[in-house]
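*Asks:* Provided below: structure00.txt, containing compact mmCIF, C-alpha atoms.
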# COMPACT_ATOMS: atom_id res chain seq x y z
CA MET A 176 0.00 0.00 0.00
CA LYS A 177 1.23 3.48 -0.87
CA SER A 178 0.91 6.48 1.40
CA ALA A 179 1.40 10.24 1.27
CA VAL A 180 2.07 12.90 3.89
CA VAL A 181 0.84 16.47 3.45
CA GLN A 182 3.27 19.31 4.19
CA LEU A 183 2.10 22.84 4.95
CA PRO A 184 3.85 25.84 6.50
CA GLY A 185 3.75 25.38 10.28
CA LEU A 186 3.08 21.65 10.34
CA ASN A 187 5.95 20.15 12.33
CA ARG A 188 4.99 16.51 12.95
CA ASP A 189 5.48 15.52 9.31
CA ARG A 190 8.90 13.97 9.94
CA ASP A 191 7.59 11.78 12.76
CA MET A 192 4.72 10.71 10.51
CA ILE A 193 7.03 9.94 7.57
CA ALA A 194 9.26 7.86 9.90
CA ALA A 195 6.27 5.92 11.28
CA LEU A 196 4.80 5.18 7.84
CA THR A 197 8.21 4.13 6.50
CA LYS A 198 8.93 1.81 9.42
CA ILE A 199 5.50 0.19 9.39
CA SER A 200 4.94 -0.21 5.65
CA GLY A 201 8.58 -0.62 4.59
CA LYS A 202 8.05 2.12 1.99
CA ALA A 203 8.64 5.84 2.37
CA PRO A 204 5.50 7.91 1.80
CA VAL A 205 5.43 10.54 -0.93
CA THR A 206 5.12 14.12 0.31
CA ILE A 207 2.50 16.58 -0.93
CA TRP A 208 3.10 20.35 -0.74
CA GLN A 209 0.23 22.73 -0.05
CA THR A 210 0.06 24.17 -3.57
CA GLU A 211 -0.24 20.79 -5.30
CA THR A 212 -3.52 20.10 -6.98
CA GLU A 213 -2.61 16.71 -8.45
CA ILE A 214 -2.22 14.03 -5.82
CA PRO A 215 -0.33 10.87 -6.76
CA ASP A 216 -2.06 7.53 -6.73
CA VAL A 217 -1.91 6.42 -3.07
CA ASP A 218 -4.08 4.37 -0.70
CA LEU A 219 -3.63 6.57 2.36
CA ILE A 220 -3.15 10.33 2.73
CA VAL A 221 -2.00 11.57 6.15
CA ILE A 222 -2.26 15.14 7.40
CA PRO A 223 0.13 15.37 10.35
CA GLY A 224 0.11 17.63 13.40
CA GLY A 225 1.63 21.01 14.05
CA PHE A 226 0.55 24.62 13.87
CA SER A 227 -0.35 25.27 10.24
CA TYR A 228 -0.36 29.00 9.48
CA GLY A 229 0.45 29.72 13.11
CA ASP A 230 -3.05 28.63 14.16
CA TYR A 231 -4.22 32.05 12.90
CA LEU A 232 -7.99 32.71 12.87
CA ARG A 233 -8.80 29.18 14.13
CA CYS A 234 -6.62 26.06 14.24
CA GLY A 235 -6.59 24.53 10.76
CA ALA A 236 -8.86 27.23 9.27
CA ILE A 237 -6.40 28.63 6.73
CA ALA A 238 -4.89 25.26 5.80
CA ALA A 239 -8.36 23.84 5.15
CA ARG A 240 -8.84 26.43 2.39
CA MET A 241 -5.58 25.75 0.52
CA PRO A 242 -5.80 24.23 -2.99
CA VAL A 243 -4.34 20.91 -1.81
CA MET A 244 -7.38 20.34 0.40
CA GLN A 245 -9.74 20.43 -2.60
CA ALA A 246 -7.58 17.73 -4.18
CA ILE A 247 -7.62 15.66 -0.97
CA LYS A 248 -11.39 16.04 -0.71
CA ALA A 249 -11.77 14.75 -4.27
CA LYS A 250 -9.56 11.74 -3.43
CA ALA A 251 -11.58 11.01 -0.28
CA GLU A 252 -14.78 11.10 -2.33
CA LYS A 253 -13.25 8.37 -4.50
CA GLY A 254 -12.63 6.25 -1.39
CA VAL A 255 -8.95 6.96 -0.67
CA LYS A 256 -8.25 6.75 3.08
CA VAL A 257 -7.42 10.02 4.81
CA LEU A 258 -6.02 10.26 8.36
CA GLY A 259 -5.67 13.58 10.18
CA VAL A 260 -3.75 13.70 13.46
CA CYS A 261 -3.95 16.66 15.86
CA ASN A 262 -3.71 19.76 13.62
CA GLY A 263 -4.57 17.37 10.77
CA PHE A 264 -7.84 16.57 12.59
CA GLN A 265 -8.53 20.30 13.02
CA ILE A 266 -7.90 20.82 9.29
CA LEU A 267 -10.29 18.00 8.29
CA LEU A 268 -13.03 19.52 10.49
CA GLU A 269 -12.45 23.02 9.10
CA ALA A 270 -12.57 21.57 5.57
CA GLY A 271 -15.98 20.09 6.35
CA MET A 272 -14.72 16.53 5.78
CA LEU A 273 -15.65 15.46 9.32
CA PRO A 274 -18.53 16.49 11.62
CA GLY A 275 -18.11 18.81 14.63
CA ALA A 276 -15.45 21.29 15.75
CA LEU A 277 -12.45 21.48 18.08
CA MET A 278 -12.29 24.24 20.64
CA ARG A 279 -9.81 25.55 23.22
CA ASN A 280 -9.07 22.95 25.94
CA ALA A 281 -11.44 23.36 28.90
CA SER A 282 -8.40 23.90 31.17
CA LEU A 283 -7.16 26.64 28.78
CA ARG A 284 -3.76 24.95 29.03
CA PHE A 285 -1.64 23.25 26.39
CA VAL A 286 -1.53 19.58 27.38
CA CYS A 287 1.44 17.34 26.56
CA LYS A 288 1.22 13.94 28.21
CA GLU A 289 0.20 10.33 27.79
CA ILE A 290 -3.48 9.39 27.97
CA LYS A 291 -5.51 6.19 27.62
CA LEU A 292 -7.64 5.59 24.56
CA GLU A 293 -10.54 3.20 24.20
CA VAL A 294 -11.03 1.73 20.74
CA ALA A 295 -14.76 2.46 20.48
CA ASN A 296 -15.09 0.99 16.99
CA ALA A 297 -12.69 -1.77 15.87
CA GLU A 298 -14.51 -2.46 12.62
CA THR A 299 -12.93 0.36 10.65
CA GLU A 300 -10.18 0.61 8.04
CA PHE A 301 -8.02 2.26 10.72
CA THR A 302 -8.64 0.05 13.76
CA ARG A 303 -8.90 -3.54 12.51
CA ALA A 304 -5.68 -4.41 14.35
CA TYR A 305 -7.40 -3.75 17.68
CA ALA A 306 -10.30 -5.32 19.57
CA LYS A 307 -13.46 -3.35 20.40
CA GLY A 308 -13.12 -1.83 23.85
CA GLN A 309 -9.35 -2.32 23.91
CA ILE A 310 -7.53 0.33 25.93
CA ILE A 311 -4.31 1.63 24.41
CA ARG A 312 -1.73 4.20 25.52
CA CYS A 313 -1.21 7.28 23.35
CA PRO A 314 0.53 10.67 23.69
CA VAL A 315 -1.37 13.95 23.24
CA ALA A 316 0.06 17.45 22.68
CA HIS A 317 -2.43 20.21 21.93
CA HIS A 318 -4.12 23.43 23.03
CA ASP A 319 -7.35 23.10 21.05
CA GLY A 320 -8.60 19.52 21.31
CA ASN A 321 -11.94 20.06 23.02
CA TYR A 322 -14.30 18.25 20.63
CA PHE A 323 -17.78 19.72 20.24
CA ALA A 324 -20.78 18.79 18.13
CA ASP A 325 -24.40 19.89 18.49
CA ALA A 326 -26.90 17.42 19.99
CA GLU A 327 -28.22 16.26 16.62
CA THR A 328 -24.75 15.64 15.12
CA LEU A 329 -23.63 13.89 18.29
CA LYS A 330 -26.60 11.55 18.21
CA SER A 331 -25.95 10.71 14.59
CA ILE A 332 -22.19 10.04 14.93
CA GLU A 333 -22.70 7.98 18.09
CA GLY A 334 -25.46 5.98 16.40
CA ASN A 335 -23.42 5.35 13.23
CA GLY A 336 -20.30 4.13 15.05
CA GLN A 337 -18.38 7.18 13.80
CA VAL A 338 -16.83 7.73 17.23
CA VAL A 339 -13.67 5.62 16.79
CA PHE A 340 -11.63 6.60 19.88
CA ARG A 341 -12.57 7.85 23.35
CA TYR A 342 -10.36 9.04 26.18
CA ALA A 343 -10.54 6.25 28.78
CA ASP A 344 -10.05 5.81 32.51
CA GLY A 345 -10.69 9.47 33.33
CA THR A 346 -7.85 10.72 31.10
CA ASN A 347 -9.90 13.17 28.99
CA PRO A 348 -7.30 15.97 28.77
CA ASN A 349 -9.38 18.70 27.14
CA GLY A 350 -13.07 18.52 28.05
CA SER A 351 -14.21 16.82 24.83
CA ILE A 352 -17.90 15.99 24.78
CA ASN A 353 -18.56 12.25 25.39
CA ASP A 354 -14.76 11.84 25.83
CA ILE A 355 -14.43 11.83 22.02
CA ALA A 356 -10.80 11.59 20.84
CA GLY A 357 -11.32 10.48 17.23
CA VAL A 358 -14.17 10.51 14.69
CA MET A 359 -14.60 9.27 11.15
CA ASN A 360 -16.93 10.23 8.31
CA ALA A 361 -20.08 8.23 7.54
CA ARG A 362 -18.35 6.37 4.70
CA GLY A 363 -15.56 5.30 7.06
CA ASN A 364 -12.55 6.33 4.97
CA VAL A 365 -11.69 9.63 6.69
CA LEU A 366 -10.50 9.56 10.33
CA GLY A 367 -9.43 12.45 12.52
CA MET A 368 -7.92 12.09 15.98
CA MET A 369 -6.23 14.41 18.48
CA PRO A 370 -3.72 11.91 20.00
CA HIS A 371 -0.43 11.11 18.24
CA PRO A 372 -0.21 7.37 17.46
CA GLU A 373 2.91 8.02 15.31
CA ASN A 374 4.81 8.70 18.53
CA LEU A 375 4.22 5.27 20.05
CA ILE A 376 5.17 2.72 17.38
CA GLU A 377 8.44 1.11 18.54
CA SER A 378 10.37 0.13 21.66
CA ALA A 379 12.46 3.31 21.45
CA HIS A 380 9.19 5.18 22.07
CA GLY A 381 8.48 3.05 25.12
CA GLY A 382 5.74 1.04 23.44
CA ASN A 383 3.98 0.33 20.18
CA ASP A 384 0.30 0.83 21.02
CA GLY A 385 -0.13 3.31 18.16
CA ARG A 386 1.19 0.95 15.50
CA GLY A 387 -2.16 -0.75 14.91
CA ILE A 388 -3.71 2.35 13.34
CA PHE A 389 -1.08 2.46 10.60
CA ALA A 390 -0.91 -1.32 10.27
CA SER A 391 -4.71 -1.35 9.75
CA ALA A 392 -4.76 1.52 7.26
CA LEU A 393 -1.74 0.19 5.34
CA ASP A 394 -2.99 -3.39 5.47
CA VAL A 395 0.17 -4.77 7.10
CA ILE A 396 -1.32 -6.29 10.25
CA ALA A 397 1.06 -8.92 11.60
CA ALA A 398 -0.51 -12.37 11.81
CA MET F 285 -15.18 52.14 -0.61
CA ILE F 286 -17.29 50.59 2.10
CA LYS F 287 -15.95 49.89 5.56
CA ALA F 288 -17.38 46.98 7.46
CA ARG F 289 -17.06 45.43 10.88
CA VAL F 290 -17.73 41.72 11.34
CA THR F 291 -18.30 40.35 14.84
CA VAL F 292 -17.95 36.63 15.46
CA THR F 293 -19.26 35.14 18.70
CA LEU F 294 -19.77 31.64 20.04
CA LYS F 295 -23.27 30.24 19.67
CA ASN F 296 -25.46 29.94 22.74
CA GLY F 297 -24.88 26.63 24.45
CA VAL F 298 -21.27 26.34 23.27
CA LEU F 299 -18.99 26.39 26.30
CA ASP F 300 -16.56 29.32 26.41
CA PRO F 301 -13.69 28.48 28.77
CA GLN F 302 -11.88 31.69 27.80
CA GLY F 303 -14.94 33.78 28.70
CA LYS F 304 -15.13 31.97 32.05
CA ALA F 305 -11.46 32.70 32.75
CA ILE F 306 -11.98 36.39 31.92
CA GLU F 307 -15.01 36.45 34.23
CA GLY F 308 -12.89 34.91 37.00
CA ALA F 309 -10.13 37.48 36.43
CA LEU F 310 -12.67 40.33 36.65
CA GLY F 311 -13.85 38.95 39.99
CA SER F 312 -10.29 38.79 41.32
CA LEU F 313 -9.74 42.44 40.24
CA GLY F 314 -12.64 43.42 42.46
CA PHE F 315 -15.27 43.99 39.75
CA SER F 316 -18.20 42.37 41.47
CA GLY F 317 -21.56 41.61 39.92
CA ILE F 318 -20.29 40.89 36.39
CA GLY F 319 -21.39 37.57 34.91
CA GLY F 320 -22.13 35.85 31.62
CA VAL F 321 -18.83 36.93 30.00
CA ARG F 322 -18.45 35.58 26.44
CA GLN F 323 -15.49 36.46 24.23
CA GLY F 324 -15.34 36.69 20.45
CA LYS F 325 -13.54 38.23 17.50
CA VAL F 326 -13.88 41.51 15.59
CA PHE F 327 -12.73 41.98 11.97
CA ASP F 328 -12.53 45.38 10.23
CA LEU F 329 -12.62 45.17 6.45
CA GLU F 330 -12.54 47.64 3.55
CA LEU F 331 -14.37 46.73 0.36
CA ALA F 332 -13.72 48.35 -3.03
CA GLU F 333 -17.47 48.46 -3.58
CA THR F 334 -20.05 51.24 -3.53
CA ASP F 335 -23.26 49.19 -3.52
CA LYS F 336 -24.17 48.35 0.07
CA ALA F 337 -26.36 45.39 -0.86
CA LYS F 338 -23.55 43.85 -2.91
CA ALA F 339 -21.06 44.49 -0.12
CA GLU F 340 -23.33 42.78 2.36
CA GLU F 341 -23.74 39.80 0.04
CA THR F 342 -19.95 39.48 -0.34
CA LEU F 343 -19.41 39.80 3.40
CA LYS F 344 -21.95 37.09 4.11
CA ALA F 345 -20.02 34.71 1.85
CA VAL F 346 -16.75 35.80 3.49
CA CYS F 347 -18.17 34.96 6.93
CA GLU F 348 -19.63 31.63 5.88
CA LYS F 349 -16.49 30.53 4.03
CA LEU F 350 -13.76 31.77 6.36
CA LEU F 351 -14.31 34.23 9.19
CA ALA F 352 -16.75 32.10 11.19
CA ASN F 353 -16.92 28.38 11.84
CA THR F 354 -20.69 28.09 11.72
CA VAL F 355 -20.61 24.78 13.61
CA ILE F 356 -19.82 26.77 16.77
CA GLU F 357 -19.97 30.47 15.87
CA ASN F 358 -22.46 33.17 14.85
CA TYR F 359 -21.52 36.33 12.96
CA SER F 360 -22.97 39.79 12.47
CA ILE F 361 -22.10 42.39 9.84
CA ALA F 362 -22.20 46.18 10.29
CA LEU F 363 -21.50 48.60 7.42
CA SER F 364 -20.37 52.20 7.98
Have the structure of the file written as C-alpha cells, please.

*Replies:*
Amino acid sequence: MKSAVVQLPGLNRDRDMIAALTKISGKAPVTIWQTETEIPDVDLIVIPGGFSYGDYLRCGAIAARMPVMQAIKAKAEKGVKVLGVCNGFQILLEAGMLPGALMRNASLRFVCKEIKLEVANAETEFTRAYAKGQIIRCPVAHHDGNYFADAETLKSIEGNGQVVFRYADGTNPNGSINDIAGVMNARGNVLGMMPHPENLIESAHGGNDGRGIFASALDVIAA
Amino acid sequence: MIKARVTVTLKNGVLDPQGKAIEGALGSLGFSGIGGVRQGKVFDLELAETDKAKAEETLKAVCEKLLANTVIENYSIALS
C-alpha cells in the first residue's frame, strides 16, 4: 500500500509521521506540498500535526482552504483513506470533511502527556488491528482539542459508530464531549484524531500501542 | 469604498472556557456583579465596492467561508 504525507507551513509533525509510515509499511510515503492540486495515486493520505499558518484565525482554518485540500477532498470522495492527526484533525473539520469542531481545551492549558484511549469501533479501516473496547496508551500534545458537536450531530455520529476513539479511565485531557478523541466520516474512509499514534510505534518510544492504526490503514497487520 | 465590521461570537450553548477565565479574572480584580462573559472576534474590512447590498452579500459569503466556523460560531455584519 502506498501512502502520502501532506506538508504545509507550520506543520511540524510531518517527519515523525514519515518515519512511522516508513517503518510500518517498509516504503517511504510521498510528500505533498500545499500548492499541489494533483495528488499521486496512493491508498492513504495523512495530514500530520503542528501549527499550520500559526493557528491564525482558528486552528486549521487557513490550511483547510488551501488548494491541496480540494484535491484531498476529491480523493476522499473516490474512497482513498485520509487520516488527520492533531492539527490534521482540526484541518479535516475546518474543511468540512468530518462532523463537529475542536475548541480551546477546557483547562485553557496546552496539554502534553500520555493518555488512555478506548477503541470504540474496531470495525474500521483504521482500527482492525485492535479489539473493540481495547484500551491503548497514546501521547497527546495540543491546546485546542476540546471536541464539540451539536446534539443532533452527536446523536448521529454515536449511532453510526463514527466515534472511533474515546479518552478512557478518566484521562480526557481537554473537556471533549462524550470523551471523544477520534471521529470518522459516515463512509468510514476519513478519520481524525487528536492523539499522536505516530509517537508510540516502537520500543524506542516506550511502546507500540499506536502501531495498529497504521498497520490497519496500510494493510500490514502482523498475523 | 465601504468599511465593514464583522463580529464573530460563540453560539449559545457552546462552552466558552476563555470567557469563564476572563469572568474569574474580573472577579479577582474586584469587579463584582459581572457575569455571563463571552469572548469573540472583531474583523474590520474595507471593500472596493459602492453598492451596500452587494457588499453585504460578499461579506456574508466571506463569513460563511472563512471568518466564522458556523458549527460553533455566529456572525454579524455592520456597514459604515

*Asks:* Could you check the closest approach to chain F for each of A:Phe264, A:Phe389, A:Tyr231, A:Phe301 and tell me which residue wins, using all atoms listed in the file?

*Replies:* A:Tyr231

*Asks:* Tell me which of F:Thr334, F:Ala339, F:Asn353, F:Glu348 sits closest to chain A, counting all atoms listed in the file.

*Replies:*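 That would be F:Asn353, the residue with the smallest distance to chain A.
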
*Asks:* Near Ile306 of chain F, within 12 Å and counting all atoms listed in the file, which residues show up once chain neighbours fewer than 6 positions away are dropped, as a short mmCIF file (atom, residue, chain, number, x, y, z; two decimals) with C-alpha atoms, keeping the file's coordinate frame?

*Replies:*
data_model
loop_
_atom_site.label_atom_id
_atom_site.label_comp_id
_atom_site.auth_asym_id
_atom_site.auth_seq_id
_atom_site.Cartn_x
_atom_site.Cartn_y
_atom_site.Cartn_z
CA LEU A 283 -7.16 26.64 28.78
CA ASP F 300 -16.56 29.32 26.41
CA SER F 312 -10.29 38.79 41.32
CA LEU F 313 -9.74 42.44 40.24
CA PHE F 315 -15.27 43.99 39.75
CA ILE F 318 -20.29 40.89 36.39
CA GLY F 319 -21.39 37.57 34.91
CA GLY F 320 -22.13 35.85 31.62
CA VAL F 321 -18.83 36.93 30.00
CA ARG F 322 -18.45 35.58 26.44
CA GLN F 323 -15.49 36.46 24.23
CA GLY F 324 -15.34 36.69 20.45
#

*Asks:* Padding of 6 Å on every side, edges along x, y and z, all listed atoms of segment 253-272 of chain A included: what centre and edge lengths in Å, to one decimal, does that box have, as lines of an AutoDock Vina configuration file?

*Replies:*
center_x = -9.8
center_y = 14.6
center_z = 5.7
size_x = 24.3
size_y = 28.8
size_z = 32.4

*Asks:* Just checking: using only C-alpha atoms, which residue out of A:Pro372, A:Gly385, A:Pro215, A:Gly275 ends up closest to chain F?

*Replies:*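 Selected residue with least distance to chain F: A:Gly275.
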
*Asks:* Could you give me, as JSON lines, every chain A residue with an atom at most 12 Å from chain F, plus its closest atom pair and distance in Å to one decimal, counting only C-alpha atoms, rows ordered by chain then number?

*Replies:*
{"residue": "A:Tyr231", "atom": "CA", "partner": "F:Leu351", "partner_atom": "CA", "distance": 11.0}
{"residue": "A:Leu232", "atom": "CA", "partner": "F:Leu351", "partner_atom": "CA", "distance": 7.5}
{"residue": "A:Arg233", "atom": "CA", "partner": "F:Asn353", "partner_atom": "CA", "distance": 8.5}
{"residue": "A:Cys234", "atom": "CA", "partner": "F:Asn353", "partner_atom": "CA", "distance": 10.8}
{"residue": "A:Gly235", "atom": "CA", "partner": "F:Asn353", "partner_atom": "CA", "distance": 11.1}
{"residue": "A:Ala236", "atom": "CA", "partner": "F:Leu350", "partner_atom": "CA", "distance": 7.3}
{"residue": "A:Ile237", "atom": "CA", "partner": "F:Leu350", "partner_atom": "CA", "distance": 8.0}
{"residue": "A:Ala238", "atom": "CA", "partner": "F:Leu350", "partner_atom": "CA", "distance": 11.0}
{"residue": "A:Ala239", "atom": "CA", "partner": "F:Leu350", "partner_atom": "CA", "distance": 9.7}
{"residue": "A:Arg240", "atom": "CA", "partner": "F:Leu350", "partner_atom": "CA", "distance": 8.3}
{"residue": "A:Met241", "atom": "CA", "partner": "F:Leu350", "partner_atom": "CA", "distance": 11.7}
{"residue": "A:Gln265", "atom": "CA", "partner": "F:Asn353", "partner_atom": "CA", "distance": 11.7}
{"residue": "A:Leu268", "atom": "CA", "partner": "F:Val355", "partner_atom": "CA", "distance": 9.7}
{"residue": "A:Glu269", "atom": "CA", "partner": "F:Asn353", "partner_atom": "CA", "distance": 7.5}
{"residue": "A:Ala270", "atom": "CA", "partner": "F:Lys349", "partner_atom": "CA", "distance": 9.9}
{"residue": "A:Gly271", "atom": "CA", "partner": "F:Val355", "partner_atom": "CA", "distance": 9.8}
{"residue": "A:Leu273", "atom": "CA", "partner": "F:Val355", "partner_atom": "CA", "distance": 11.4}
{"residue": "A:Pro274", "atom": "CA", "partner": "F:Val355", "partner_atom": "CA", "distance": 8.8}
{"residue": "A:Gly275", "atom": "CA", "partner": "F:Val355", "partner_atom": "CA", "distance": 6.6}
{"residue": "A:Ala276", "atom": "CA", "partner": "F:Val355", "partner_atom": "CA", "distance": 6.6}
{"residue": "A:Leu277", "atom": "CA", "partner": "F:Ile356", "partner_atom": "CA", "distance": 9.2}
{"residue": "A:Met278", "atom": "CA", "partner": "F:Asp300", "partner_atom": "CA", "distance": 8.8}
{"residue": "A:Arg279", "atom": "CA", "partner": "F:Pro301", "partner_atom": "CA", "distance": 7.4}
{"residue": "A:Asn280", "atom": "CA", "partner": "F:Pro301", "partner_atom": "CA", "distance": 7.7}
{"residue": "A:Ala281", "atom": "CA", "partner": "F:Pro301", "partner_atom": "CA", "distance": 5.6}
{"residue": "A:Ser282", "atom": "CA", "partner": "F:Pro301", "partner_atom": "CA", "distance": 7.4}
{"residue": "A:Leu283", "atom": "CA", "partner": "F:Pro301", "partner_atom": "CA", "distance": 6.8}
{"residue": "A:Arg284", "atom": "CA", "partner": "F:Pro301", "partner_atom": "CA", "distance": 10.5}
{"residue": "A:Asp319", "atom": "CA", "partner": "F:Pro301", "partner_atom": "CA", "distance": 11.3}
{"residue": "A:Asn321", "atom": "CA", "partner": "F:Leu299", "partner_atom": "CA", "distance": 10.0}
{"residue": "A:Tyr322", "atom": "CA", "partner": "F:Ile356", "partner_atom": "CA", "distance": 10.9}
{"residue": "A:Phe323", "atom": "CA", "partner": "F:Val298", "partner_atom": "CA", "distance": 8.1}
{"residue": "A:Ala324", "atom": "CA", "partner": "F:Val355", "partner_atom": "CA", "distance": 7.5}
{"residue": "A:Asp325", "atom": "CA", "partner": "F:Val355", "partner_atom": "CA", "distance": 7.9}
{"residue": "A:Ala326", "atom": "CA", "partner": "F:Gly297", "partner_atom": "CA", "distance": 10.4}
{"residue": "A:Glu327", "atom": "CA", "partner": "F:Val355", "partner_atom": "CA", "distance": 11.8}
{"residue": "A:Thr328", "atom": "CA", "partner": "F:Val355", "partner_atom": "CA", "distance": 10.1}
{"residue": "A:Asn349", "atom": "CA", "partner": "F:Pro301", "partner_atom": "CA", "distance": 10.8}
{"residue": "A:Gly350", "atom": "CA", "partner": "F:Leu299", "partner_atom": "CA", "distance": 10.0}
{"residue": "A:Ser351", "atom": "CA", "partner": "F:Leu299", "partner_atom": "CA", "distance": 10.8}
{"residue": "A:Ile352", "atom": "CA", "partner": "F:Leu299", "partner_atom": "CA", "distance": 10.6}

*Asks:* List as a PyMOL selection string: which residues have an atom within 8 Å of (0.2, 11.3, -0.2), counting only C-alpha atoms?

*Replies:* chain A and resi 177-181+204-207+214-217+219-221

*Asks:* Report the distance between atom CA of Ala390 of chain A and atom CA of Met192 of chain A in Å, rounded to one decimal place.

*Replies:* 13.3 Å

*Asks:* At what distance in Å, to one decimal, does atom CA of His317 of chain A lie from atom CA of Ser378 of chain A?

*Replies:*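 Interatomic distance here is 23.8 Å.
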
*Asks:* Just the residues within 10 Å of Gly308 of chain A, please, counting all atoms listed in the file, with nothing from its chain fewer than 3 positions along; format it as a count of residues only.

*Replies:* 11

*Asks:* Show me, as a ChimeraX atom specification, the residues that have an atom within 7 Å of Val255 of chain A when counting all atoms listed in the file, minus same-chain residues fewer than 5 positions from it.

*Replies:* /A:218-219,250,364

*Asks:* Can you pull out every residue within 7 Å of Met368 of chain A, counting all atoms listed in the file, but drop anything in the same chain fewer than 3 positions away, and send it as a list in words?

*Replies:*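 Returned residues: Gly259, Val260, Cys261, Phe264, Ala356, Gly357 and Val358 of chain A.
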
*Asks:* Name the residues in contact with Glu330 of chain F at a cut-off of 12 Å, using only C-alpha atoms, excluding same-chain residues fewer than 2 positions from it; report them as a list of chain:residue names.

*Replies:*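 Answer for this query is F:Met285, F:Ile286, F:Lys287, F:Ala288, F:Arg289, F:Val290, F:Phe327, F:Asp328, F:Ala332, F:Glu333, F:Thr334, F:Ala339, F:Glu340, F:Thr342, F:Leu343, F:Ala362, F:Leu363, F:Ser364.
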
*Asks:* Show me the residues close to (-23.8, 35.7, 14.4) - anything with an atom within 8 Å, counting all atoms listed in the file - and format the list as a ChimeraX atom specification.

*Replies:* /F:291-293,295,357-360

*Asks:* One decimal, Å: what's the distance from atom CA of Glu373 of chain A over to atom CA of Asp189 of chain A, could you say?

*Replies:*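 Rounded to one decimal, the two atoms are 9.9 Å apart.
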
*Asks:* Given only C-alpha atoms as the basis, pick out the residue of A:Tyr342, A:Trp208, A:Phe285, A:Tyr228 nearest to Ala246 of chain A.

*Replies:*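 Among the listed residues, A:Trp208 lies closest to Ala246 of chain A.
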
*Asks:* Select, from A:Leu258, A:Val339, A:Met272, A:Met369, the residue with the minimum atom-to-atom distance to Gln245 of chain A, counting only C-alpha atoms.

*Replies:* A:Met272

*Asks:* Restricting the calculation to only C-alpha atoms, which member of A:Leu186, A:Ala316, A:Ala195, A:Ala249 is positioned closest to His380 of chain A?

*Replies:*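 Using only C-alpha atoms, His380 of chain A sits closest to A:Ala195.
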